[in-house]
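**Student:** Structure provided below as structure tokens; questions to follow.
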Amino acid sequence: MSVQRILLTGAAGYIGAVMAEKFLDQGFTVYGVDCLMFGDRGIKHLLGRPNFVFHKKDVRDENSYRILLGEVDAVVHLAAISGMPTCDKYPIMAKEINWGATKTLFDHCNRLAHLQRFVFASTTSVYGSVKDASVVNEDFPVGPISFYAELKAKCESYILNTEVRPNFVPTVLRFPTVYGLSPRMRFDLTVNEFARDLTLGKKLEIFGEHFWRPYCHVTDLARACLRVLKAPPELVRRELYGVGDSSENYTKRMLYEILVELIPGAQVSLIRKIADARDYRVDFSKIKKLDFLISKTVRDGVREVYEALRNGGIANPYDPLYTSEL
């Protein structure tokens with residue numbers, strides 16, 4: 001049986017808003033779930049579409065979504081308190097949502113005979129700081145150095161090591177640092193933030209210029225999830241895939257070089273200071289088994305943010321709504 005109806009948690013979020021639209025464009029029926037902690041701008045453009053059903057629900061309240069699980073054959077779980085600063089600021093809520101709600105949702109899905117697939121969004125931050133910024137892949141041991149990454153790693157382990165029924169196909173996707181335009185735009189993400197500040201004439205100070213990090217466009221994260229949902233079960237059942245391309249690992253100095261090339265008049269200072277100790281490069285070869293290739297690069301992301309801001313396509317880009325802070 002092929003997937004036709006998807007329950008998407010975090011549907012109004014930065015990634016979820018793009019993913020929901022991609023799913024609809026591919027002919028899926030999407031049941032979007034979100035507590036609208038950051039408002040409904042991410043899903044407003046979808047509300048008139050016939051195959052999109054939205055429910056304002058909190059994933060911590062299992063009774064509020066259990067009935068929906070009977071309507072779908074796949075779950076894509078994005079809902080989470082996003083990022084290190086917010087998880088550190090609200091650790092109890094982060095644990096309830098990022099771990100407790102994930103475990104409960106997964107257990108429900110595992111018990112429902114009709115439900116075929118479960119896709120969990122994790123993060124490459126689980127690698128932490130790797131000695132000499134070595135190149136890592138899915139087989140490399142994790143070493144999270146933030147509470148956010150610890151919770152994601154815990155979920156990964158539970159999903160991949162729990163015994164599941166024969167026709168249930170859970171998959172974990174590790175997302176790198178994301179960038180690009182979304183209906184629920186965020187400017188607290190490195191590429192988007194840097195491009196915004198320089199486009200609007202601010203002088204930018206970049207800290208930790210030598211640290212490596214992988215990046216991926218939000219559209220490509222959605223495309224990767226689609227690829228997993230359509231893949232033969234034997235390729236994705238209880239499997240872990242990093243999402244991205246090996247050529248899209250950058251130091252902040254490399255980002256600096258792209259920014260000053262693409263944004264006229266960009267003023268950037270590089271400051272050698274440890275502001276964020278995560279340091280790793282990722283080999284994304286494994287996901288090519290699913291015939292997945294990225295469609296956009298960091299250069300494309302810088303250009304599209306620059307053009308959107310220059311054309312007035314984003315109002316009040318310094319509004320706190322464009323962050324993940326609570």
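All residue names refer to the structure tokens as shown: chains lettered A, B, ... in order, residues numbered from 1 in each chain, ligands numbered from 1 in order.
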List the spatial neighbours of A:Leu200 as a ChimeraX atom specification - criterion: any atom at most 9 Å away, only C-alpha atoms, same-chain residues fewer than 5 positions off excluded.
**Tutor:** /A:195,306,309-310
**Student:** Need to verify the contact set: A:Ala11, 6 Å, only C-alpha atoms, exclusion of same-chain residues closer than 3 positions in sequence. Can you return it as an NGL selection string?
**Tutor:** :A and (8 or 16-17 or 32-34)
**Student:** Find the residues around stretch 84-91 of chain A up to 9 Å (only C-alpha atoms counted), leave out those fewer than 6 positions away in its own chain, and share them as a PyMOL selection string.
**Tutor:** chain A and resi 146-149+324-326
**Student:** Sort by chain and increasing residue number a table of all residues of stretch 215-247 of chain A within 7 Å of stretch 168-192 of chain A, each with its closest pair of atoms and their distance in Å to one decimal, counting only C-alpha atoms, and write it as JSON lines.
**Tutor:**
{"residue": "A:Tyr215", "atom": "CA", "partner": "A:Thr177", "partner_atom": "CA", "distance": 4.7}
{"residue": "A:Cys216", "atom": "CA", "partner": "A:Val178", "partner_atom": "CA", "distance": 5.1}
{"residue": "A:His217", "atom": "CA", "partner": "A:Tyr179", "partner_atom": "CA", "distance": 5.1}
{"residue": "A:Val218", "atom": "CA", "partner": "A:Gly180", "partner_atom": "CA", "distance": 5.8}
{"residue": "A:Pro233", "atom": "CA", "partner": "A:Val169", "partner_atom": "CA", "distance": 6.5}
{"residue": "A:Val236", "atom": "CA", "partner": "A:Thr171", "partner_atom": "CA", "distance": 5.9}
{"residue": "A:Arg237", "atom": "CA", "partner": "A:Val169", "partner_atom": "CA", "distance": 4.5}
{"residue": "A:Arg238", "atom": "CA", "partner": "A:Pro170", "partner_atom": "CA", "distance": 5.2}
{"residue": "A:Glu239", "atom": "CA", "partner": "A:Thr171", "partner_atom": "CA", "distance": 5.2}
{"residue": "A:Leu240", "atom": "CA", "partner": "A:Val172", "partner_atom": "CA", "distance": 4.8}
{"residue": "A:Tyr241", "atom": "CA", "partner": "A:Leu173", "partner_atom": "CA", "distance": 5.0}
{"residue": "A:Gly242", "atom": "CA", "partner": "A:Arg174", "partner_atom": "CA", "distance": 4.6}
{"residue": "A:Val243", "atom": "CA", "partner": "A:Phe175", "partner_atom": "CA", "distance": 5.5}
**Student:** Mind dumping the selected residues with N, CA and C atoms as a PDB file, in the first residue's frame?
**Tutor:**
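Written output follows (part30.pdb):
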ATOM      1  N   TYR A 215      24.749  22.570   5.946  1.00  0.00           N
ATOM      2  CA  TYR A 215      23.558  23.385   5.705  1.00  0.00           C
ATOM      3  C   TYR A 215      22.684  22.740   4.636  1.00  0.00           C
ATOM      4  N   CYS A 216      21.371  22.995   4.722  1.00  0.00           N
ATOM      5  CA  CYS A 216      20.450  22.469   3.704  1.00  0.00           C
ATOM      6  C   CYS A 216      19.242  23.392   3.589  1.00  0.00           C
ATOM      7  N   HIS A 217      18.787  23.599   2.365  1.00  0.00           N
ATOM      8  CA  HIS A 217      17.633  24.463   2.106  1.00  0.00           C
ATOM      9  C   HIS A 217      16.351  23.809   2.605  1.00  0.00           C
ATOM     10  N   VAL A 218      15.442  24.606   3.129  1.00  0.00           N
ATOM     11  CA  VAL A 218      14.195  24.086   3.694  1.00  0.00           C
ATOM     12  C   VAL A 218      13.389  23.302   2.655  1.00  0.00           C
ATOM     13  N   PRO A 233       9.970   0.035   1.401  1.00  0.00           N
ATOM     14  CA  PRO A 233      10.117  -0.115   2.861  1.00  0.00           C
ATOM     15  C   PRO A 233      11.472  -0.663   3.292  1.00  0.00           C
ATOM     16  N   VAL A 236      14.121   2.045   4.038  1.00  0.00           N
ATOM     17  CA  VAL A 236      13.926   3.085   5.056  1.00  0.00           C
ATOM     18  C   VAL A 236      13.429   2.559   6.401  1.00  0.00           C
ATOM     19  N   ARG A 237      13.102   1.298   6.489  1.00  0.00           N
ATOM     20  CA  ARG A 237      12.572   0.761   7.747  1.00  0.00           C
ATOM     21  C   ARG A 237      13.663   0.720   8.807  1.00  0.00           C
ATOM     22  N   ARG A 238      13.405   1.424   9.921  1.00  0.00           N
ATOM     23  CA  ARG A 238      14.348   1.528  11.038  1.00  0.00           C
ATOM     24  C   ARG A 238      15.719   1.981  10.550  1.00  0.00           C
ATOM     25  N   GLU A 239      15.698   2.945   9.633  1.00  0.00           N
ATOM     26  CA  GLU A 239      16.931   3.484   9.080  1.00  0.00           C
ATOM     27  C   GLU A 239      17.094   4.950   9.481  1.00  0.00           C
ATOM     28  N   LEU A 240      18.349   5.378   9.476  1.00  0.00           N
ATOM     29  CA  LEU A 240      18.731   6.741   9.801  1.00  0.00           C
ATOM     30  C   LEU A 240      19.429   7.349   8.592  1.00  0.00           C
ATOM     31  N   TYR A 241      18.954   8.516   8.163  1.00  0.00           N
ATOM     32  CA  TYR A 241      19.558   9.213   7.027  1.00  0.00           C
ATOM     33  C   TYR A 241      19.854  10.663   7.387  1.00  0.00           C
ATOM     34  N   GLY A 242      21.065  11.100   7.113  1.00  0.00           N
ATOM     35  CA  GLY A 242      21.358  12.522   7.141  1.00  0.00           C
ATOM     36  C   GLY A 242      20.850  13.143   5.853  1.00  0.00           C
ATOM     37  N   VAL A 243      20.302  14.338   5.945  1.00  0.00           N
ATOM     38  CA  VAL A 243      19.711  14.999   4.779  1.00  0.00           C
ATOM     39  C   VAL A 243      20.597  16.161   4.343  1.00  0.00           C
TER      40      VAL A 243
END
**Student:** Just give me the gap between atom CA of A:Ala80 and atom CA of A:Gly13 in Å, one decimal is fine.
**Tutor:**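 Distance reported for this atom pair: 9.6 Å.
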**Student:** For A:His55, which of A:Asn316, A:Thr102, A:Gln4, A:Thr9 is the closest residue, counting only C-alpha atoms?
**Tutor:**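 Looking only at the distances to A:His55, the closest residue turns out to be A:Thr9.
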**Student:** Which is closer to A:Tyr127 than all the others in A:Ala153, A:Met93, A:Cys225, A:Ile15, using only C-alpha atoms?
**Tutor:**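 Nearest candidate to A:Tyr127 out of A:Ala153, A:Met93, A:Cys225, A:Ile15: A:Ala153.
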**Student:** At a cut-off of 10 Å, using only C-alpha atoms, what residues contact A:Gly265? Leave out same-chain residues fewer than 2 positions from it and give the result as number ranges by chain.
**Tutor:** A: 198-199, 201-203, 259-263, 267-268
**Student:** Give me a file of those residues, with C-alpha atoms, as a PDB file, in the first residue's frame.
**Tutor:**
ATOM      1  CA  LEU A 198      23.884  42.600   5.303  1.00  0.00           C
ATOM      2  CA  THR A 199      21.036  43.272   2.864  1.00  0.00           C
ATOM      3  CA  GLY A 201      23.011  47.606   5.597  1.00  0.00           C
ATOM      4  CA  LYS A 202      24.109  46.361   8.997  1.00  0.00           C
ATOM      5  CA  LYS A 203      27.744  45.667   9.738  1.00  0.00           C
ATOM      6  CA  LEU A 259      28.012  36.841   1.503  1.00  0.00           C
ATOM      7  CA  VAL A 260      30.467  39.537   0.456  1.00  0.00           C
ATOM      8  CA  GLU A 261      30.405  38.213  -3.101  1.00  0.00           C
ATOM      9  CA  LEU A 262      26.617  38.188  -3.465  1.00  0.00           C
ATOM     10  CA  ILE A 263      25.468  41.174  -1.377  1.00  0.00           C
ATOM     11  CA  GLN A 267      30.536  44.851   5.674  1.00  0.00           C
ATOM     12  CA  VAL A 268      31.720  41.838   7.658  1.00  0.00           C
TER      13      VAL A 268
END
**Student:** Just the strand (DSSP E) stuff from stretch 248-318 of chain A, please, per backbone DSSP, written as an MDAnalysis selection string.
**Tutor:** chainID A and resid 249:251 267:271 281:282
**Student:** For the selection you just gave me, I'd like the residues written to a file as a PDB file, in the first residue's frame, keeping C-alpha atoms.
**Tutor:**
ATOM      1  CA  ASN A 249      29.569  21.817   4.627  1.00  0.00           C
ATOM      2  CA  TYR A 250      30.878  25.295   5.356  1.00  0.00           C
ATOM      3  CA  THR A 251      32.951  27.171   7.891  1.00  0.00           C
ATOM      4  CA  GLN A 267      30.536  44.851   5.674  1.00  0.00           C
ATOM      5  CA  VAL A 268      31.720  41.838   7.658  1.00  0.00           C
ATOM      6  CA  SER A 269      34.257  41.404  10.448  1.00  0.00           C
ATOM      7  CA  LEU A 270      35.590  37.968  11.370  1.00  0.00           C
ATOM      8  CA  ILE A 271      36.233  37.470  15.087  1.00  0.00           C
ATOM      9  CA  ARG A 281      31.381  18.012   8.748  1.00  0.00           C
ATOM     10  CA  VAL A 282      28.881  15.453   7.488  1.00  0.00           C
TER      11      VAL A 282
END
**Student:** Between atom CA of A:His108 and atom CA of A:Lys44, what distance in Å does the model show, to one decimal?
**Tutor:**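 Atom-to-atom, atom CA of A:His108 and atom CA of A:Lys44 are spaced 29.1 Å apart.
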**Student:** Give me, please, the distance in Å between atom CA of A:Asn167 and atom CA of A:Gln116, quoted to one decimal.
**Tutor:**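 Separation of atom CA of A:Asn167 and atom CA of A:Gln116: 6.3 Å.
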**Student:** Name the residues of stretch 141-235 of chain A that come out as alpha helix (DSSP H) in a backbone DSSP run; write them as JSON, numbers by chain.
**Tutor:** {"A": [147, 148, 149, 150, 151, 152, 153, 154, 155, 156, 157, 158, 159, 160, 161, 190, 191, 192, 193, 194, 195, 196, 197, 198, 199, 218, 219, 220, 221, 222, 223, 224, 225, 226, 227, 228, 229, 230, 233, 234, 235]}
**Student:** For those residues, write C-alpha atoms to a file as a PDB file, in the first residue's frame.
**Tutor:**
ATOM      1  CA  PHE A 147      19.987  19.782  25.848  1.00  0.00           C
ATOM      2  CA  TYR A 148      18.207  20.150  22.494  1.00  0.00           C
ATOM      3  CA  ALA A 149      20.563  17.664  20.845  1.00  0.00           C
ATOM      4  CA  GLU A 150      20.436  15.301  23.847  1.00  0.00           C
ATOM      5  CA  LEU A 151      16.662  15.032  23.538  1.00  0.00           C
ATOM      6  CA  LYS A 152      16.854  14.449  19.783  1.00  0.00           C
ATOM      7  CA  ALA A 153      19.490  11.738  20.267  1.00  0.00           C
ATOM      8  CA  LYS A 154      17.326  10.069  22.902  1.00  0.00           C
ATOM      9  CA  CYS A 155      14.367  10.012  20.491  1.00  0.00           C
ATOM     10  CA  GLU A 156      16.540   8.608  17.703  1.00  0.00           C
ATOM     11  CA  SER A 157      17.684   5.749  19.911  1.00  0.00           C
ATOM     12  CA  TYR A 158      14.172   4.937  21.068  1.00  0.00           C
ATOM     13  CA  ILE A 159      12.673   4.940  17.572  1.00  0.00           C
ATOM     14  CA  LEU A 160      15.444   2.902  15.971  1.00  0.00           C
ATOM     15  CA  ASN A 161      15.799   0.353  18.768  1.00  0.00           C
ATOM     16  CA  THR A 190      22.633  31.498  10.409  1.00  0.00           C
ATOM     17  CA  VAL A 191      22.337  31.972   6.640  1.00  0.00           C
ATOM     18  CA  ASN A 192      19.011  33.806   6.834  1.00  0.00           C
ATOM     19  CA  GLU A 193      20.219  36.077   9.650  1.00  0.00           C
ATOM     20  CA  PHE A 194      23.495  36.972   7.958  1.00  0.00           C
ATOM     21  CA  ALA A 195      21.790  37.649   4.610  1.00  0.00           C
ATOM     22  CA  ARG A 196      19.126  39.819   6.274  1.00  0.00           C
ATOM     23  CA  ASP A 197      21.565  41.944   8.236  1.00  0.00           C
ATOM     24  CA  LEU A 198      23.884  42.600   5.303  1.00  0.00           C
ATOM     25  CA  THR A 199      21.036  43.272   2.864  1.00  0.00           C
ATOM     26  CA  VAL A 218      14.195  24.086   3.694  1.00  0.00           C
ATOM     27  CA  THR A 219      12.724  22.987   0.350  1.00  0.00           C
ATOM     28  CA  ASP A 220      15.213  20.140   0.133  1.00  0.00           C
ATOM     29  CA  LEU A 221      14.323  18.930   3.619  1.00  0.00           C
ATOM     30  CA  ALA A 222      10.719  18.647   2.437  1.00  0.00           C
ATOM     31  CA  ARG A 223      11.828  16.850  -0.725  1.00  0.00           C
ATOM     32  CA  ALA A 224      13.874  14.381   1.300  1.00  0.00           C
ATOM     33  CA  CYS A 225      10.894  13.564   3.489  1.00  0.00           C
ATOM     34  CA  LEU A 226       8.797  12.926   0.383  1.00  0.00           C
ATOM     35  CA  ARG A 227      11.493  10.620  -0.922  1.00  0.00           C
ATOM     36  CA  VAL A 228      11.419   8.620   2.309  1.00  0.00           C
ATOM     37  CA  LEU A 229       7.629   8.301   2.257  1.00  0.00           C
ATOM     38  CA  LYS A 230       7.743   6.955  -1.308  1.00  0.00           C
ATOM     39  CA  PRO A 233      10.117  -0.115   2.861  1.00  0.00           C
ATOM     40  CA  GLU A 234      13.301  -2.180   2.925  1.00  0.00           C
ATOM     41  CA  LEU A 235      15.386   0.956   2.269  1.00  0.00           C
TER      42      LEU A 235
END
**Student:** Can you work out which one of A:Glu205, A:Asp291, A:Asp245, A:Glu62 has the shortest atom-to-atom distance to A:Ala266, counting only C-alpha atoms?
**Tutor:**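 Of all the options, A:Glu205 lies closest to A:Ala266.
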